[in-house]
Every structure is written in structure tokens, then in C-alpha cells.
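Okay, run-v6.txt is below, compact mmCIF, C-alpha atoms:
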# COMPACT_ATOMS: atom_id res chain seq x y z
CA MET A 259 0.00 0.00 0.00
CA SER A 260 1.40 3.41 -0.98
CA ASP A 261 2.58 5.67 1.83
CA PRO A 262 0.51 8.89 1.60
CA ARG A 263 3.48 10.87 2.97
CA ILE A 264 5.47 9.95 -0.15
CA THR A 265 2.66 11.19 -2.39
CA LYS A 266 2.57 14.46 -0.43
CA LEU A 267 6.34 14.80 -0.68
CA ALA A 268 6.20 14.40 -4.47
CA GLN A 269 3.46 17.02 -4.70
CA VAL A 270 5.40 19.48 -2.56
CA LEU A 271 8.60 18.97 -4.58
CA VAL A 272 6.93 19.37 -7.98
CA HIS A 273 4.39 22.09 -7.27
CA TYR A 274 6.02 24.11 -4.46
CA SER A 275 9.80 23.58 -4.45
CA LEU A 276 10.37 23.39 -8.22
CA GLU A 277 7.14 24.99 -9.45
CA LEU A 278 7.20 22.83 -12.56
CA LYS A 279 5.09 24.01 -15.45
CA SER A 280 4.25 22.88 -18.96
CA GLY A 281 7.28 22.78 -21.24
CA ASP A 282 9.94 22.80 -18.50
CA GLN A 283 13.02 20.66 -19.10
CA PHE A 284 13.38 18.74 -15.86
CA MET A 285 16.07 16.28 -14.76
CA MET A 286 15.54 14.09 -11.70
CA SER A 287 18.58 12.27 -10.33
CA SER A 288 18.01 9.47 -7.84
CA SER A 289 18.76 5.91 -6.78
CA PRO A 290 16.76 2.69 -7.28
CA LEU A 291 16.30 2.64 -3.50
CA ALA A 292 13.89 5.59 -3.83
CA HIS A 293 11.72 3.76 -6.36
CA GLU A 294 8.37 4.71 -4.83
CA LEU A 295 9.28 8.40 -4.55
CA ASN A 296 10.87 8.37 -8.02
CA LEU A 297 7.62 7.18 -9.57
CA ALA A 298 5.52 9.62 -7.56
CA VAL A 299 7.67 12.58 -8.64
CA TYR A 300 7.75 11.37 -12.25
CA GLU A 301 3.95 11.12 -12.31
CA GLU A 302 3.44 14.59 -10.84
CA ALA A 303 6.00 16.12 -13.22
CA VAL A 304 4.42 14.54 -16.30
CA LYS A 305 0.97 15.72 -15.16
CA ALA A 306 2.44 19.22 -14.83
CA GLY A 307 3.53 19.08 -18.50
CA ALA A 308 7.29 18.93 -17.91
CA HIS A 309 9.74 17.07 -20.16
CA VAL A 310 11.32 14.66 -17.67
CA LEU A 311 14.82 13.21 -17.92
CA PRO A 312 15.30 10.53 -15.20
CA ARG A 313 18.90 9.82 -14.18
CA ILE A 314 19.21 6.74 -12.00
CA GLN A 315 22.48 6.38 -10.14
CA ILE A 316 24.12 2.97 -9.75
CA PRO A 317 24.86 2.18 -6.08
CA GLY A 318 28.60 1.71 -5.64
CA ALA A 319 29.56 3.36 -8.95
CA ARG A 320 31.08 6.48 -7.38
CA GLU A 321 33.51 4.43 -5.32
CA LEU A 322 34.59 2.47 -8.41
CA PHE A 323 35.08 5.70 -10.35
CA PHE A 324 37.33 7.30 -7.75
CA ARG A 325 39.35 4.11 -7.30
CA HIS A 326 40.01 3.37 -10.96
CA ALA A 327 39.59 6.56 -13.04
CA ASN A 328 42.72 7.90 -14.73
CA ASP A 329 43.65 11.61 -14.75
CA GLU A 330 41.83 12.25 -18.02
CA GLN A 331 38.64 10.73 -16.60
CA LEU A 332 38.94 12.72 -13.36
CA ASP A 333 39.20 15.92 -15.41
CA TYR A 334 36.31 15.10 -17.75
CA ILE A 335 32.88 16.75 -17.69
CA ALA A 336 30.28 14.97 -19.79
CA PRO A 337 28.56 17.13 -22.44
CA GLY A 338 25.19 15.99 -21.13
CA GLN A 339 26.07 17.32 -17.68
CA ARG A 340 26.86 20.72 -19.19
CA ILE A 341 23.61 20.77 -21.12
CA VAL A 342 21.57 20.10 -17.98
CA VAL A 343 23.32 22.79 -15.91
CA GLU A 344 23.37 25.38 -18.71
CA GLN A 345 19.97 24.80 -20.34
CA TYR A 346 17.50 22.89 -18.16
CA ASN A 347 14.80 24.67 -16.15
CA ALA A 348 14.73 22.39 -13.09
CA ILE A 349 16.80 19.71 -11.35
CA LEU A 350 15.82 17.45 -8.47
CA ASN A 351 18.42 15.38 -6.60
CA ILE A 352 17.07 12.65 -4.33
CA GLY A 353 19.55 11.16 -1.89
CA ALA A 354 18.74 7.49 -1.24
CA PHE A 355 21.86 5.85 0.16
CA HIS A 356 22.78 2.18 0.23
CA ASN A 357 26.02 3.04 2.08
CA THR A 358 26.63 6.47 3.59
CA ARG A 359 30.35 5.67 3.96
CA GLU A 360 30.86 4.58 0.35
CA LEU A 361 33.70 7.04 -0.25
CA SER A 362 35.35 6.82 3.17
CA GLY A 363 38.33 4.87 1.77
CA VAL A 364 38.82 7.04 -1.30
CA ASP A 365 41.86 9.34 -1.61
CA PRO A 366 40.52 12.86 -0.87
CA GLU A 367 42.96 14.34 -3.40
CA ARG A 368 41.13 12.51 -6.19
CA GLN A 369 37.81 13.88 -4.97
CA GLN A 370 39.27 17.37 -4.83
CA ARG A 371 40.58 17.06 -8.37
CA VAL A 372 37.03 16.40 -9.55
CA ASN A 373 35.79 19.37 -7.50
CA ARG A 374 38.39 21.65 -9.10
CA THR A 375 37.43 20.43 -12.56
CA GLY A 376 33.79 21.27 -11.92
CA ALA A 377 34.36 24.70 -10.36
CA ASP A 378 33.42 26.70 -13.48
CA LEU A 379 30.32 24.61 -14.12
CA ARG A 380 29.37 25.01 -10.46
CA LYS A 381 29.69 28.79 -10.91
CA THR A 382 27.22 28.64 -13.79
CA PHE A 383 24.93 26.46 -11.70
CA MET A 384 25.01 28.93 -8.78
CA GLN A 385 24.43 31.93 -11.05
CA ARG A 386 21.40 30.34 -12.71
CA MET A 387 20.05 29.30 -9.31
CA ALA A 388 20.43 32.87 -8.06
CA THR A 389 18.09 34.17 -10.76
CA ARG A 390 15.74 31.13 -10.56
CA ASP A 391 16.49 30.56 -14.23
CA LEU A 392 17.39 27.11 -12.91
CA ARG A 393 15.16 25.78 -10.14
CA TRP A 394 16.97 23.15 -8.08
CA CYS A 395 16.04 21.10 -5.03
CA TYR A 396 17.66 18.39 -2.94
CA THR A 397 15.79 15.95 -0.72
CA VAL A 398 16.31 12.49 0.76
CA PHE A 399 14.41 9.24 0.79
CA PRO A 400 14.69 7.20 4.02
CA THR A 401 16.85 4.09 3.68
CA HIS A 402 18.30 1.59 6.15
CA ALA A 403 21.77 3.08 5.67
CA SER A 404 20.64 6.61 6.53
CA ALA A 405 18.63 5.32 9.48
CA GLN A 406 21.66 3.48 10.84
CA GLU A 407 23.81 6.60 10.40
CA ALA A 408 21.27 8.52 12.49
CA ASP A 409 21.10 5.74 15.13
CA MET A 410 17.43 5.05 14.37
CA SER A 411 15.31 2.20 13.09
CA LEU A 412 13.96 2.65 9.58
CA ARG A 413 10.44 3.28 10.86
CA GLU A 414 11.72 5.85 13.34
CA TYR A 415 13.82 7.54 10.66
CA GLU A 416 10.87 7.70 8.26
CA ALA A 417 8.83 9.45 10.94
CA PHE A 418 11.74 11.86 11.50
CA VAL A 419 12.19 12.67 7.80
CA TYR A 420 8.52 13.14 6.97
CA GLY A 421 7.92 14.98 10.24
CA ALA A 422 10.72 17.45 9.46
CA GLY A 423 8.97 18.20 6.17
CA MET A 424 5.60 18.69 7.90
CA LEU A 425 4.17 16.04 5.58
CA GLU A 426 1.74 14.84 8.22
CA ASN A 427 -0.01 18.22 7.96
CA ASP A 428 -3.22 18.40 5.94
CA ASP A 429 -1.61 21.05 3.73
CA PRO A 430 2.21 21.02 3.97
CA ILE A 431 2.52 23.50 1.09
CA ALA A 432 0.55 26.06 3.12
CA TYR A 433 2.89 25.46 6.07
CA TRP A 434 6.00 26.17 3.99
CA TRP A 435 4.50 29.34 2.48
CA ALA A 436 3.86 30.53 6.07
CA GLU A 437 7.42 29.60 7.07
CA ALA A 438 8.73 31.67 4.15
CA GLU A 439 6.80 34.66 5.51
CA ARG A 440 8.26 34.15 9.01
CA GLN A 441 11.77 34.01 7.63
CA GLN A 442 11.19 37.08 5.47
CA LYS A 443 10.46 39.17 8.58
CA LEU A 444 13.94 38.32 9.91
CA ILE A 445 15.52 39.05 6.54
CA ASP A 446 13.76 42.43 6.36
CA TRP A 447 15.15 43.30 9.81
CA LEU A 448 18.68 42.38 8.71
CA ALA A 449 18.50 44.34 5.44
CA GLY A 450 20.96 47.22 5.28
CA LYS A 451 22.91 46.12 8.36
CA ASP A 452 26.70 45.93 8.43
CA ARG A 453 28.51 44.35 11.37
CA ILE A 454 27.87 40.90 12.82
CA VAL A 455 29.60 39.78 16.02
CA ILE A 456 29.11 36.18 17.21
CA LYS A 457 30.29 35.31 20.73
CA GLY A 458 29.96 32.24 22.92
CA ASN A 459 31.74 29.27 24.43
CA ASN A 460 32.68 27.95 20.99
CA VAL A 461 32.89 31.09 18.89
CA ASP A 462 34.38 34.57 18.77
CA LEU A 463 33.86 35.87 15.24
CA GLN A 464 33.13 39.14 13.54
CA MET A 465 32.28 39.85 9.92
CA SER A 466 30.59 42.34 7.62
CA ILE A 467 27.36 41.83 5.68
CA ASN A 468 27.50 45.33 4.16
CA GLY A 469 25.88 45.13 0.73
CA ARG A 470 25.00 41.46 1.21
CA ARG A 471 21.53 39.96 1.32
CA PHE A 472 20.14 37.27 3.59
CA LYS A 473 18.00 34.69 1.81
CA GLN A 474 15.22 32.50 3.10
CA ALA A 475 15.32 28.72 2.99
CA ALA A 476 11.74 27.53 3.21
CA GLY A 477 11.66 24.39 1.09
CA LYS A 478 12.56 25.72 -2.34
CA GLU A 479 16.15 24.45 -2.74
CA ASN A 480 16.29 21.97 0.14
CA PHE A 481 13.43 19.90 1.45
CA PRO A 482 12.87 19.81 4.34
CA ASP A 483 14.23 23.22 5.18
CA GLY A 484 14.50 25.93 7.79
CA GLU A 485 17.28 28.53 7.81
CA ILE A 486 18.23 32.03 6.75
CA TYR A 487 21.66 32.49 5.20
CA THR A 488 24.04 34.89 3.53
CA SER A 489 27.62 35.10 2.25
CA PRO A 490 29.66 37.58 4.33
CA VAL A 491 31.99 40.11 2.74
CA GLU A 492 34.93 37.91 1.79
CA GLU A 493 37.80 39.82 3.39
CA SER A 494 35.88 40.86 6.52
CA VAL A 495 35.87 37.66 8.60
CA ASN A 496 38.11 37.57 11.67
CA GLY A 497 38.21 35.37 14.75
CA TRP A 498 37.85 31.77 15.88
CA ILE A 499 35.20 29.07 15.96
CA ARG A 500 34.97 25.48 17.18
CA PHE A 501 32.43 23.10 15.63
CA GLY A 502 31.13 20.63 18.21
CA TYR A 503 29.38 18.43 15.67
CA PRO A 504 31.35 16.24 13.23
CA ALA A 505 31.69 17.62 9.70
CA ILE A 506 31.22 14.92 7.09
CA PHE A 507 32.66 14.88 3.58
CA GLY A 508 32.35 11.92 1.24
CA GLY A 509 31.35 9.66 4.12
CA ARG A 510 34.40 10.57 6.23
CA GLU A 511 34.03 12.38 9.55
CA VAL A 512 36.21 15.23 10.72
CA GLU A 513 35.71 15.88 14.43
CA ASP A 514 36.26 18.81 16.78
CA ILE A 515 37.21 21.27 14.04
CA GLU A 516 38.64 24.66 15.00
CA LEU A 517 39.20 27.42 12.43
CA TRP A 518 41.02 30.73 12.78
CA PHE A 519 40.17 33.51 10.29
CA GLU A 520 42.23 36.56 9.41
CA ASP A 521 40.94 39.09 6.89
CA GLY A 522 38.44 36.59 5.54
CA LYS A 523 40.71 33.59 5.14
CA VAL A 524 41.28 30.45 7.22
CA VAL A 525 44.91 30.84 8.33
CA LYS A 526 44.96 27.94 10.79
CA GLU A 527 42.90 24.79 11.15
CA LYS A 528 42.81 22.03 13.71
CA ALA A 529 40.83 18.80 14.08
CA GLY A 530 40.65 16.16 16.79
CA LYS A 531 40.12 13.56 14.07
CA GLY A 532 40.65 13.91 10.31
CA GLN A 533 43.29 16.66 10.30
CA GLU A 534 44.74 15.53 6.97
CA LEU A 535 41.34 15.54 5.24
CA LEU A 536 40.47 18.95 6.71
CA THR A 537 43.67 20.53 5.41
CA SER A 538 43.33 18.84 2.04
CA LEU A 539 39.81 20.17 1.54
CA LEU A 540 40.76 23.68 2.62
CA ASN A 541 43.51 23.58 -0.03
CA THR A 542 41.12 22.65 -2.84
CA ASP A 543 41.60 25.94 -4.70
CA ASP A 544 42.06 29.69 -4.18
CA GLY A 545 38.54 30.14 -2.81
CA SER A 546 38.27 27.17 -0.49
CA ARG A 547 39.68 28.92 2.61
CA ILE A 548 37.19 31.79 2.29
CA LEU A 549 33.94 31.80 4.27
CA GLY A 550 31.19 31.26 1.69
CA GLU A 551 28.16 31.07 3.99
CA LEU A 552 26.77 32.02 7.38
CA GLY A 553 23.48 30.22 8.08
CA ILE A 554 21.12 30.36 11.08
CA GLY A 555 18.94 27.30 11.70
CA THR A 556 15.22 28.06 12.21
CA ASN A 557 13.59 24.60 12.24
CA TYR A 558 12.93 23.86 15.90
CA GLY A 559 11.11 20.69 14.86
CA ILE A 560 14.55 19.22 14.10
CA GLN A 561 16.45 18.71 17.34
CA ARG A 562 18.39 15.53 16.61
CA PHE A 563 21.80 15.33 14.92
CA THR A 564 21.62 12.74 12.14
CA LYS A 565 24.95 13.15 10.29
CA ASN A 566 23.03 14.45 7.28
CA MET A 567 23.53 18.18 6.72
CA LEU A 568 20.21 18.49 4.91
CA PHE A 569 18.62 18.18 8.35
CA ASP A 570 21.45 19.12 10.70
CA GLU A 571 22.10 22.64 9.37
CA LYS A 572 18.42 23.45 9.92
CA ILE A 573 18.44 22.55 13.64
CA GLY A 574 16.94 25.40 15.64
CA GLY A 575 19.57 26.71 18.04
CA THR A 576 22.55 26.23 15.70
CA ILE A 577 24.48 28.20 13.15
CA HIS A 578 26.53 26.76 10.31
CA LEU A 579 29.44 28.10 8.34
CA ALA A 580 30.51 26.85 4.93
CA VAL A 581 34.02 27.29 3.59
CA GLY A 582 34.33 27.67 -0.17
CA ALA A 583 31.82 28.80 -2.76
CA GLY A 584 29.45 31.60 -1.81
CA PHE A 585 25.97 32.34 -3.12
CA PRO A 586 25.77 34.88 -5.96
CA GLU A 587 22.19 35.73 -4.98
CA THR A 588 23.48 37.07 -1.64
CA GLY A 589 26.18 39.18 -3.32
CA SER A 590 29.05 36.72 -2.93
CA LYS A 591 32.04 36.95 -5.23
CA ASN A 592 33.82 33.82 -3.98
CA VAL A 593 34.17 30.93 -6.43
CA SER A 594 35.38 27.49 -5.39
CA GLY A 595 34.92 23.83 -6.18
CA LEU A 596 34.25 23.33 -2.45
CA HIS A 597 31.20 24.23 -0.36
CA TRP A 598 31.47 22.42 2.97
CA ASP A 599 29.08 23.10 5.85
CA MET A 600 30.10 22.87 9.51
CA LEU A 601 27.69 23.05 12.45
CA CYS A 602 28.00 24.97 15.73
CA ASN A 603 25.67 24.77 18.77
CA MET A 604 24.61 28.26 19.89
CA ALA A 605 23.61 27.48 23.49
CA GLU A 606 25.05 30.18 25.76
CA SER A 607 25.97 32.29 22.72
CA GLU A 608 24.76 35.51 21.13
CA ILE A 609 24.74 37.36 17.83
CA LEU A 610 24.98 41.15 17.76
CA VAL A 611 24.10 43.04 14.60
CA ASP A 612 25.38 46.62 14.47
CA GLY A 613 25.61 46.46 18.25
CA GLU A 614 22.01 45.31 18.78
CA LEU A 615 21.20 41.90 20.22
CA PHE A 616 19.66 39.79 17.45
CA TYR A 617 20.02 36.24 18.78
CA LYS A 618 20.70 34.75 22.19
CA ASP A 619 21.04 31.19 23.52
CA GLY A 620 19.72 29.57 20.37
CA LYS A 621 16.82 31.88 19.52
CA VAL A 622 16.19 35.11 17.65
CA VAL A 623 15.17 37.83 20.13
CA VAL A 624 14.33 40.80 17.90
Take the structure from the file and write it as C-alpha cells.
Amino acid sequence: MSDPRITKLAQVLVHYSLELKSGDQFMMSSSPLAHELNLAVYEEAVKAGAHVLPRIQIPGARELFFRHANDEQLDYIAPGQRIVVEQYNAILNIGAFHNTRELSGVDPERQQRVNRTGADLRKTFMQRMATRDLRWCYTVFPTHASAQEADMSLREYEAFVYGAGMLENDDPIAYWWAEAERQQKLIDWLAGKDRIVIKGNNVDLQMSINGRRFKQAAGKENFPDGEIYTSPVEESVNGWIRFGYPAIFGGREVEDIELWFEDGKVVKEKAGKGQELLTSLLNTDDGSRILGELGIGTNYGIQRFTKNMLFDEKIGGTIHLAVGAGFPETGSKNVSGLHWDMLCNMAESEILVDGELFYKDGKVVV
């Protein structure tokens, strides 16, 4: 019997997140493990009049590629990939993992070579996203592997995933429109401000948002969602931060990360576990040591760390920073093949904006 929450998720993705309409060129990338959701999305997209290109990933293929590809293959971008990024109207990526640690044994330098190769195409992708010329969304389908990663049973994890998306509501689309309005009030308050100071047990940072825009995250580009974010002025970031949650890249965990910024750049990094990977990623390219994002989690329905940043960066009471590529729609000028989010608990912390208290102990106070 079909799970009605999956049907609702497909409807939200097609009609709210991606706003598919007749004639749109739409690529959906997924795994066979998400078969039920794949079919539900495909059906809704066809009914909407879109031209659908399904791309089904082969479980285990990425590991084989990174282990055996030669330099020419690592540096290759398929023409079809360019066409999708440069010409398509909408892209949906559905994460449905058979093994969340598939790439944990892969040489990070080979992964970074692929990231460097794709930096220019990523820039095009980000620019088209900024103007909504390309509508993109990422979501996940609950699998045993993801449930195990989150220390949950599959049934428990399904309830967590669909609950985070408010899919048990009679009208989840109405909920996310209302959430967008709530976030917009915060963004309007932040408009035109300059100086942000973040202080607490794990952070002592300052940065400028002069000329930058905060954006809402209410289910359009991630689903589920719940954050406001911006890209700080590149050369303005100074100070120190410790990330109490593990940062995960390619299935490998880097724990107890500390970063020191001077004039916008990470000048020193330290990790309790994964130091070599941390340094390697920060050396991806010229832009990878620059702070590309400051995000503030607003989804207080998510309170459990699951080792999946789709959910974790939305946790109410946290902020996240991403080193690497910034968002053109916020005014960012930083280009990189890396965009890596790291999560910080904001209990007993505060955020001052132009000297006024904006956020304290995990909650907005304005």
C-alpha cells in the first residue's frame, strides 16, 4: 500500500519547491532505492507538463570511479552534464543511500581534483540558481543506511524525515509558504545592516554583511528546510570558531574542528580527528579557505543530529558556516569547487548586529 506521505512529498517537490510548469526541461537524479518516490515525482512532473529526464544512479559506482579513473577521466565533464546545468529549467536530486560511507576509503585528493574540474560549471549552476532561471532542489528518501547513520530504526527515521517536512499536515505546502513569511520578517530586519559579532563558548567571530543579502530557505532548494543564510563580505571575517558536531565529507568524519580567520581567510585549522582531510579540503583551490556562507537554523522541529547536513544545518539553536563557494544571490564573489558546511551549537551564545542583540542562547530575540 502506498505511503501517503510519499505522495505528499512528491506534490510538494513538484508544485512548491520546483514549481514545474508545462514545457519545462526537468532532470531528476536518484537511486533505485527511492523507487516509490521516483515514480511519484515522475507522475506529478508529467501531469504538470514537464519534459522529464530521469537519471538513476548505480549504487557503488562512485567508489569504483574514484578508485580506478585515470587523470583524463577525473578531469572530464560529460557534455550531457553541461547541457543540464546550462539549459535545463529544473533539477531534483534525491539522496537514497545504500552506504553512507561509500567514499570513506577514497583518496581525498582525487575527490578534490574532480571538484576543481567542476568549479566553473558550479559557478554557472550557482548563477542560474540565483536568478531562478534554474530551479533546483535536494531531498532524501529514508533508507536503512541513513537510518543506521542517524542511530534510528527505519520506521523511526521515516517518521523523523517526513515529520521534518511537515508532511503529516493536511496542507504542507501552506505550512511552507507561512514559514517563508516568518523568515522574510527576519531578513527584512537584517536588510541594510553591516557588522555581525558572534560570541559564545565555541565562537568569537566578527564579519561584515554590508551590501550582502540574507536569503530565506523555506523548502525551495532543500526539502525539508528551515534557515536564513548569507555570504559575508569575503575579506571581513576575523576570529575563531569550534564546531562541536562532526563535519562529514564523502562519508568521512572530521571531528572537533577549529578554524582561525584573518581578513576573511582560514589561516589555521585544527581537528581532533581527520586533520589531513580537513587541510586537504581547505587547499582545494584559491577560494576554499574563504567563508562562503553564514546560516542560522530556524527549524525547531529538528532537534536531533543525524549526520546528514540536509537536516542538521536546519536545527533550531545552531548556526553553520561553509568554507568555499558563496551564493551569488546574496552578493558573494567567492568561487570554489568546495562548499562544505560545519555546524555549531549556539547554546550560551549571542549574535549582535550593528551592536544590537539579534540572537541569544539559540533563539532570535528581535
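If you measure from each of A:Arg453, A:His273, A:His578, A:Lys279 to A:Ala432 using only C-alpha atoms, the closest one turns out to be A:His273.
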I'd like a table as CSV: residues in stretch 303-358 of chain A with an atom no more than 7 Å from stretch 386-407 of chain A, each row giving the shortest atom pair and its distance in Å to one decimal, all atoms listed in the file counted, sorted by chain and rising residue number.
residue,atom,partner,partner_atom,distance
A:Tyr346,CA,A:Leu392,CA,6.7
A:Asn347,CA,A:Leu392,CA,4.8
A:Ala348,CA,A:Arg393,CA,4.5
A:Ile349,CA,A:Trp394,CA,4.7
A:Leu350,CA,A:Cys395,CA,5.0
A:Asn351,CA,A:Tyr396,CA,4.8
A:Ile352,CA,A:Thr397,CA,5.1
A:Gly353,CA,A:Val398,CA,4.4
A:Ala354,CA,A:Phe399,CA,5.1
A:Phe355,CA,A:Ala403,CA,6.2
A:His356,CA,A:Ala403,CA,5.6
A:Asn357,CA,A:Ala403,CA,5.6
A:Thr358,CA,A:Ala403,CA,6.3
Please compute the atom CA of A:Lys531-atom CA of A:Gly595 distance, one decimal, in Å.
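Taking atom CA of A:Lys531 and atom CA of A:Gly595, their separation equals 23.3 Å.
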For A:Ala327, the nearest of the candidates A:Lys528, A:Lys473, A:Lys523, A:Arg368, counting only C-alpha atoms:
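Comparing A:Lys528, A:Lys473, A:Lys523, A:Arg368 against A:Ala327, the winner is A:Arg368.
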If you count only C-alpha atoms, which residues fall within 8 Å of A:Asn480, apart from same-chain ones fewer than 2 positions away, as a compact mmCIF listing (two decimals) with C-alpha atoms, in the coordinates of the input?
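So the final result, stored in result01.txt, reads:
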# COMPACT_ATOMS: atom_id res chain seq x y z
CA CYS A 395 16.04 21.10 -5.03
CA TYR A 396 17.66 18.39 -2.94
CA THR A 397 15.79 15.95 -0.72
CA ALA A 475 15.32 28.72 2.99
CA ALA A 476 11.74 27.53 3.21
CA GLY A 477 11.66 24.39 1.09
CA LYS A 478 12.56 25.72 -2.34
CA PRO A 482 12.87 19.81 4.34
CA ASP A 483 14.23 23.22 5.18
CA LEU A 568 20.21 18.49 4.91
Any idea what's packed within 6 Å of A:Met285, counting only C-alpha atoms, ignoring anything in its chain fewer than 5 positions away? Could you give it as a ChimeraX atom specification?
/A:310-312,349
So how far away is atom CA of A:Met600 from atom CA of A:Asp570, in Å?
9.5 Å
Box dimensions and centre (Å, one decimal) enclosing stretch 300-317 of chain A, axis-aligned, 5 Å extra per side, as lines of an AutoDock Vina configuration file:
center_x = 12.9
center_y = 10.7
center_z = -13.1
size_x = 33.9
size_y = 27.0
size_z = 24.1
Within 9 Å of (41.9, 26.9, 9.2) (file coordinates; all atoms listed in the file), which protein or nucleic acid residues are there? I'd like them as a PDB file with C-alpha atoms, in the frame of the given file.
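What follows is the written file out_7.pdb:
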ATOM      1  CA  ILE A 515      37.210  21.270  14.040  1.00  0.00           C
ATOM      2  CA  GLU A 516      38.640  24.660  15.000  1.00  0.00           C
ATOM      3  CA  LEU A 517      39.200  27.420  12.430  1.00  0.00           C
ATOM      4  CA  TRP A 518      41.020  30.730  12.780  1.00  0.00           C
ATOM      5  CA  PHE A 519      40.170  33.510  10.290  1.00  0.00           C
ATOM      6  CA  LYS A 523      40.710  33.590   5.140  1.00  0.00           C
ATOM      7  CA  VAL A 524      41.280  30.450   7.220  1.00  0.00           C
ATOM      8  CA  VAL A 525      44.910  30.840   8.330  1.00  0.00           C
ATOM      9  CA  LYS A 526      44.960  27.940  10.790  1.00  0.00           C
ATOM     10  CA  GLU A 527      42.900  24.790  11.150  1.00  0.00           C
ATOM     11  CA  LYS A 528      42.810  22.030  13.710  1.00  0.00           C
ATOM     12  CA  LEU A 536      40.470  18.950   6.710  1.00  0.00           C
ATOM     13  CA  THR A 537      43.670  20.530   5.410  1.00  0.00           C
ATOM     14  CA  LEU A 540      40.760  23.680   2.620  1.00  0.00           C
ATOM     15  CA  ARG A 547      39.680  28.920   2.610  1.00  0.00           C
TER      16      ARG A 547
END
Distance atom CA of A:Ala605-atom CA of A:Gly620, one decimal place?
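Atom CA of A:Gly620 lies at a distance of 5.4 Å from atom CA of A:Ala605.
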Taking (40.1, 15.0, -10.4) in the file's coordinates as the center, which residues reach within 9 Å of it, counting all atoms listed in the file, put as a PyMOL selection string?
chain A and resi 324+327-334+367-375
Neighbours of A:Glu485 within 8 Å (only C-alpha atoms; same-chain residues fewer than 4 positions away dropped), as a PDB file with C-alpha atoms, keeping the file's coordinate frame?
ATOM      1  CA  GLN A 441      11.770  34.010   7.630  1.00  0.00           C
ATOM      2  CA  GLN A 474      15.220  32.500   3.100  1.00  0.00           C
ATOM      3  CA  ALA A 475      15.320  28.720   2.990  1.00  0.00           C
ATOM      4  CA  ALA A 476      11.740  27.530   3.210  1.00  0.00           C
ATOM      5  CA  GLY A 553      23.480  30.220   8.080  1.00  0.00           C
ATOM      6  CA  ILE A 554      21.120  30.360  11.080  1.00  0.00           C
ATOM      7  CA  GLY A 555      18.940  27.300  11.700  1.00  0.00           C
ATOM      8  CA  THR A 556      15.220  28.060  12.210  1.00  0.00           C
ATOM      9  CA  ASN A 557      13.590  24.600  12.240  1.00  0.00           C
ATOM     10  CA  GLU A 571      22.100  22.640   9.370  1.00  0.00           C
ATOM     11  CA  LYS A 572      18.420  23.450   9.920  1.00  0.00           C
TER      12      LYS A 572
END
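If all atoms listed in the file are the atoms counted, then among A:Pro504, A:Val623, A:Tyr617, A:Ile548 the closest residue to A:Cys602 is A:Pro504.
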Restricting the calculation to only C-alpha atoms, which member of A:Trp498, A:Trp447, A:Phe563, A:Phe507 is positioned closest to A:Gly522?
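Residue with the minimum atom-to-atom distance to A:Gly522: A:Trp498.
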